[in-house]
Amino acid sequence: MRSLTTFFVLLVVFMAPGSLAHAQGTEPASKTDGSASVAATKEEVNQLRGEVAAQRKTIEELKALVEKLAAGKARTTEDSSVQIRPAADSASGETISQPVRAAGDGAVRLMPAVLVQPSLAVETALVDQPQSSAPKKDAPPLTSGFNGEHFFIKSPDGQFSISPYGYVNTDYRAYKGDGAPPDTFLVRRARFGFQGNYGSHFDFALLTDAAATAGSVVRDVYLNVRIRPEFQFQAGQFKVPFAQETGVGATNLDFVERGFQSMLYPSAASAYRSPGIAIHGDLYGGVMQYWVGAFNGKGYALANTTNQPEVIGRLRFYPWRKSKNDWLKQFAFGGSFDRARSAGINRDQSFSAALPDGAYTFFPQFAINGPIQRYNGEFTYIKNRFSLRGEYDQLNMSRNNVGSEQVGGLGFLSLPSIIAKAYDISTTFLLTGEKRPENGTPRVNRPMYGPDTPGGKGRGMGAWEVAFRITGIHANEPGANFLNYYAPGYVPTFDFHTREYTAGLNWYPNYWVRYMVNLSVDQLKDPSTIGAVPQNYFVVLQRLQFRF
């Protein structure tokens, strides 16, 4: 408003001298002037009168504009949206000042002007939009990269991250022995999934297996809540926390297949995984670890057959973890227990006795009914490139009111429990000097090809490791005599055992690829298959593994 008022005052000031100049021009000329001079003076007077009338009209318009602004009809600032522009330029988007131009006859002239009103949308945006002196900054982008193990995508604040991961095991298996399976190529595992975190307290994982031939293809799907390192809660479907070797990932096994003790693990038929919940944590900086959980008990392939969940507990100790003694720092021991229940009415069976390498089945399956107990003891010792592991497991399966297992039967009579025991002792040694991690891949010092290992020392022949293992299992199904007067019967005894010796060679061309070859001698002592005879089976397992 101040600028328009100033403009109005200046306009009046400039118009006053112009009017005086025109008034002086209208005085009569010298009488000695001719009639042409007199006529010219009248024409100028008429022209000036017209211009004065136009100027008065413009002044009235300016007065009306000032009154409108004073009444609050419009908002005027230094960058006012109300502009006065020449009529010829009224459609342009530029601000043009109004110069005062002197006529050739000394008269002061104003250029014709029009009042330009801005559109309602533009005026509203200018009035309502808050003015900010600082320019807006774009949100920071997501970050991505490779952390030495997996690719990742992370939010700018680090509160969310996700990593794809997976691995493939391609095998060639050769057998020699009466009744042995044929030689075959096999895709043992083809797993792919995602893992990541929400904030600092939530971890998640999803893992599927495209090589699954039965049941669900989903292996892991869970959420872990890290309330504190000492207290964590996990729910979903994941490995049951029983025994030492289930805690070792499939890509980090020292041998192509697990030892015989794994046949006695819970949910062995479903890759040791089952739906459930668990509480776990690390105490005293990892000196003690614990797990307590309740699970379906039938793995992910079958629904539970009883109202009693399978309860599992595990403890593991690293007594010298915080010491400076390198000889004992990576020594650990622990144990596990398991309580479950079987239902004979739902045709529950005893454990599957097919060997992990598939050479033969050493023990038949029987109907079971009632409580199931499992016990485990374990130890691990690692010193630089050397490792030694040992494990013992026992499984007791009740047979309450299952009958005689004979044609004609003896009714619902109880039989002695089936008891199975297994052990595993293994050792490895890295020939090329890398350190053996407890559950991981050795950091290859000199990879042969592919990406360099973080902290590597250039190119070479990769990492080479030798391994040796002894594993065995014994199962006993006690027989019974039923001296019944009306239907006497006899339940036969099965008391079988078998053993395996394995020598292995592991070659790591780089950190993400491994070639394994195992030569095993499986000793069948007591055949459970008709036509089989006690003998030694020779098994060669080869595996090419790559992971990401």
# chains A, B, ... in the order shown; residues from 1 in each chain; ligands from 1
call {"tool": "residues_around", "arguments": {"residues": "His150 of chain A", "least_positions_apart": "5", "cutoff": "10 Å", "atoms": "only C-alpha atoms", "output": "list in words"}}
result
Gly145, Ile162, Ser163, Pro164, Tyr165, Gly166, Gln195, Arg547 and Phe548 of chain A
call {"tool": "select_by_dssp", "arguments": {"residues": "segment 300-395 of chain A", "states": "strand (DSSP E or B)", "output": "PyMOL selection string"}}
result
chain A and resi 310-317+331-342+349+354+361+367+369-383+386-395
call {"tool": "select_by_dssp", "arguments": {"residues": "segment 151-344 of chain A", "states": "helix (DSSP H, G or I)", "output": "PyMOL selection string"}}
result
chain A and resi 245-247+250-252+260-264+268-270+344
call {"tool": "write_last_selection", "arguments": {"atoms": "all heavy atoms", "output": "compact mmCIF listing (two decimals), in the first residue's frame"}}
result
# COMPACT_ATOMS: atom_id res chain seq x y z
N GLU A 245 25.45 -80.43 16.77
CA GLU A 245 25.56 -80.33 15.32
C GLU A 245 24.39 -79.61 14.67
O GLU A 245 24.51 -79.11 13.56
CB GLU A 245 25.73 -81.73 14.70
CG GLU A 245 26.49 -81.70 13.39
CD GLU A 245 26.95 -83.08 12.96
OE1 GLU A 245 26.09 -83.97 12.80
OE2 GLU A 245 28.16 -83.25 12.75
N THR A 246 23.24 -79.53 15.36
CA THR A 246 22.16 -78.73 14.78
C THR A 246 22.51 -77.25 14.80
O THR A 246 21.97 -76.47 14.02
CB THR A 246 20.85 -78.94 15.55
OG1 THR A 246 21.06 -78.65 16.93
CG2 THR A 246 20.34 -80.36 15.38
N GLY A 247 23.40 -76.85 15.71
CA GLY A 247 23.82 -75.45 15.75
C GLY A 247 24.81 -75.07 14.68
O GLY A 247 25.13 -73.88 14.53
N ALA A 250 24.39 -75.78 7.55
CA ALA A 250 24.67 -76.78 6.54
C ALA A 250 25.89 -76.42 5.69
O ALA A 250 26.62 -77.30 5.23
CB ALA A 250 23.44 -76.97 5.64
N THR A 251 26.15 -75.13 5.50
CA THR A 251 27.31 -74.73 4.69
C THR A 251 28.61 -74.84 5.45
O THR A 251 29.68 -74.72 4.85
CB THR A 251 27.14 -73.27 4.22
OG1 THR A 251 26.99 -72.41 5.36
CG2 THR A 251 25.91 -73.13 3.33
N ASN A 252 28.55 -75.06 6.77
CA ASN A 252 29.76 -75.10 7.59
C ASN A 252 30.07 -76.47 8.15
O ASN A 252 30.95 -76.61 9.00
CB ASN A 252 29.63 -74.10 8.74
CG ASN A 252 29.41 -72.68 8.24
OD1 ASN A 252 29.97 -72.27 7.24
ND2 ASN A 252 28.58 -71.94 8.95
N PHE A 260 25.91 -90.17 12.60
CA PHE A 260 24.77 -91.03 12.90
C PHE A 260 23.92 -90.51 14.05
O PHE A 260 22.73 -90.81 14.15
CB PHE A 260 25.27 -92.44 13.24
CG PHE A 260 25.77 -93.22 12.04
CD1 PHE A 260 26.33 -94.48 12.21
CD2 PHE A 260 25.68 -92.70 10.77
CE1 PHE A 260 26.79 -95.20 11.13
CE2 PHE A 260 26.15 -93.40 9.67
CZ PHE A 260 26.71 -94.66 9.86
N GLN A 261 24.50 -89.74 14.97
CA GLN A 261 23.73 -89.24 16.11
C GLN A 261 22.59 -88.33 15.67
O GLN A 261 21.60 -88.17 16.39
CB GLN A 261 24.65 -88.50 17.09
CG GLN A 261 25.00 -87.07 16.73
CD GLN A 261 26.04 -86.96 15.60
OE1 GLN A 261 26.54 -87.98 15.13
NE2 GLN A 261 26.36 -85.75 15.21
N SER A 262 22.71 -87.75 14.46
CA SER A 262 21.66 -86.85 13.98
C SER A 262 20.35 -87.59 13.70
O SER A 262 19.29 -86.97 13.62
CB SER A 262 22.13 -86.12 12.72
OG SER A 262 22.33 -87.03 11.66
N MET A 263 20.41 -88.93 13.56
CA MET A 263 19.17 -89.69 13.36
C MET A 263 18.29 -89.67 14.60
O MET A 263 17.08 -89.94 14.51
CB MET A 263 19.51 -91.15 13.00
CG MET A 263 20.14 -91.31 11.63
SD MET A 263 20.31 -93.04 11.14
CE MET A 263 21.72 -93.54 12.13
N LEU A 264 18.85 -89.37 15.75
CA LEU A 264 18.10 -89.35 17.01
C LEU A 264 17.63 -87.97 17.39
O LEU A 264 16.97 -87.80 18.41
CB LEU A 264 18.97 -89.93 18.14
CG LEU A 264 19.59 -91.30 17.89
CD1 LEU A 264 20.36 -91.77 19.11
CD2 LEU A 264 18.54 -92.32 17.47
N ALA A 268 14.06 -84.91 12.94
CA ALA A 268 15.12 -85.27 12.00
C ALA A 268 14.58 -85.42 10.58
O ALA A 268 15.31 -85.20 9.61
CB ALA A 268 15.79 -86.57 12.45
N ALA A 269 13.32 -85.79 10.44
CA ALA A 269 12.74 -86.00 9.12
C ALA A 269 12.42 -84.69 8.40
O ALA A 269 12.11 -84.70 7.20
CB ALA A 269 11.47 -86.85 9.22
N SER A 270 12.48 -83.56 9.10
CA SER A 270 12.15 -82.27 8.49
C SER A 270 13.30 -81.28 8.69
O SER A 270 13.08 -80.14 9.08
CB SER A 270 10.85 -81.72 9.06
OG SER A 270 10.94 -81.60 10.47
N GLY A 344 0.03 -93.60 19.87
CA GLY A 344 -0.13 -94.81 19.07
C GLY A 344 -1.40 -94.81 18.25
O GLY A 344 -1.44 -95.37 17.15
call {"tool": "closest_residue", "arguments": {"among": "A:Phe231, A:Phe238, A:Trp327, A:Phe429", "to": "Trp291 of chain A", "atoms": "only C-alpha atoms"}}
result
A:Phe231
call {"tool": "residues_around", "arguments": {"residues": "segment 183-185 of chain A", "least_positions_apart": "3", "cutoff": "10 Å", "atoms": "only C-alpha atoms", "output": "mmCIF file with N, CA, C and O atoms, in the first residue's frame"}}
result
data_model
loop_
_atom_site.group_PDB
_atom_site.id
_atom_site.type_symbol
_atom_site.label_atom_id
_atom_site.label_comp_id
_atom_site.auth_asym_id
_atom_site.auth_seq_id
_atom_site.Cartn_x
_atom_site.Cartn_y
_atom_site.Cartn_z
ATOM 1 N N THR A 170 25.423 -79.489 -4.697
ATOM 2 C CA THR A 170 25.271 -80.451 -5.790
ATOM 3 C C THR A 170 26.213 -81.616 -5.526
ATOM 4 O O THR A 170 27.420 -81.419 -5.372
ATOM 5 N N ASP A 171 25.670 -82.839 -5.478
ATOM 6 C CA ASP A 171 26.425 -84.020 -5.072
ATOM 7 C C ASP A 171 26.532 -85.031 -6.205
ATOM 8 O O ASP A 171 25.660 -85.102 -7.094
ATOM 9 N N TYR A 172 27.574 -85.843 -6.103
ATOM 10 C CA TYR A 172 27.658 -87.102 -6.850
ATOM 11 C C TYR A 172 27.983 -88.191 -5.838
ATOM 12 O O TYR A 172 28.962 -88.082 -5.089
ATOM 13 N N ARG A 173 27.173 -89.266 -5.827
ATOM 14 C CA ARG A 173 27.282 -90.295 -4.815
ATOM 15 C C ARG A 173 27.480 -91.653 -5.482
ATOM 16 O O ARG A 173 26.731 -92.026 -6.392
ATOM 17 N N ALA A 174 28.489 -92.372 -4.991
ATOM 18 C CA ALA A 174 28.803 -93.696 -5.536
ATOM 19 C C ALA A 174 28.834 -94.700 -4.385
ATOM 20 O O ALA A 174 29.365 -94.412 -3.302
ATOM 21 N N TYR A 175 28.273 -95.905 -4.626
ATOM 22 C CA TYR A 175 28.149 -96.930 -3.596
ATOM 23 C C TYR A 175 28.672 -98.269 -4.109
ATOM 24 O O TYR A 175 28.583 -98.572 -5.304
ATOM 25 N N LYS A 176 29.160 -99.067 -3.176
ATOM 26 C CA LYS A 176 29.563 -100.433 -3.481
ATOM 27 C C LYS A 176 29.186 -101.323 -2.315
ATOM 28 O O LYS A 176 29.605 -101.108 -1.183
ATOM 29 N N ALA A 180 23.158 -102.025 -2.203
ATOM 30 C CA ALA A 180 23.416 -100.590 -2.092
ATOM 31 C C ALA A 180 22.644 -99.824 -3.165
ATOM 32 O O ALA A 180 22.341 -100.375 -4.244
ATOM 33 N N ARG A 188 21.316 -81.712 -3.427
ATOM 34 C CA ARG A 188 20.979 -81.984 -2.025
ATOM 35 C C ARG A 188 20.233 -80.828 -1.395
ATOM 36 O O ARG A 188 19.259 -81.029 -0.647
ATOM 37 N N VAL A 539 31.365 -96.024 0.359
ATOM 38 C CA VAL A 539 30.577 -94.896 -0.148
ATOM 39 C C VAL A 539 31.521 -93.728 -0.438
ATOM 40 O O VAL A 539 32.355 -93.379 0.412
ATOM 41 N N VAL A 540 31.392 -93.157 -1.629
ATOM 42 C CA VAL A 540 32.147 -91.960 -2.005
ATOM 43 C C VAL A 540 31.138 -90.837 -2.251
ATOM 44 O O VAL A 540 30.273 -90.952 -3.138
ATOM 45 N N LEU A 541 31.255 -89.778 -1.477
ATOM 46 C CA LEU A 541 30.382 -88.617 -1.631
ATOM 47 C C LEU A 541 31.215 -87.427 -2.075
ATOM 48 O O LEU A 541 32.243 -87.120 -1.464
ATOM 49 N N GLN A 542 30.765 -86.787 -3.142
ATOM 50 C CA GLN A 542 31.419 -85.575 -3.625
ATOM 51 C C GLN A 542 30.394 -84.442 -3.640
ATOM 52 O O GLN A 542 29.239 -84.658 -4.015
ATOM 53 N N ARG A 543 30.841 -83.266 -3.273
ATOM 54 C CA ARG A 543 29.923 -82.117 -3.218
ATOM 55 C C ARG A 543 30.621 -80.853 -3.692
ATOM 56 O O ARG A 543 31.754 -80.570 -3.281
#
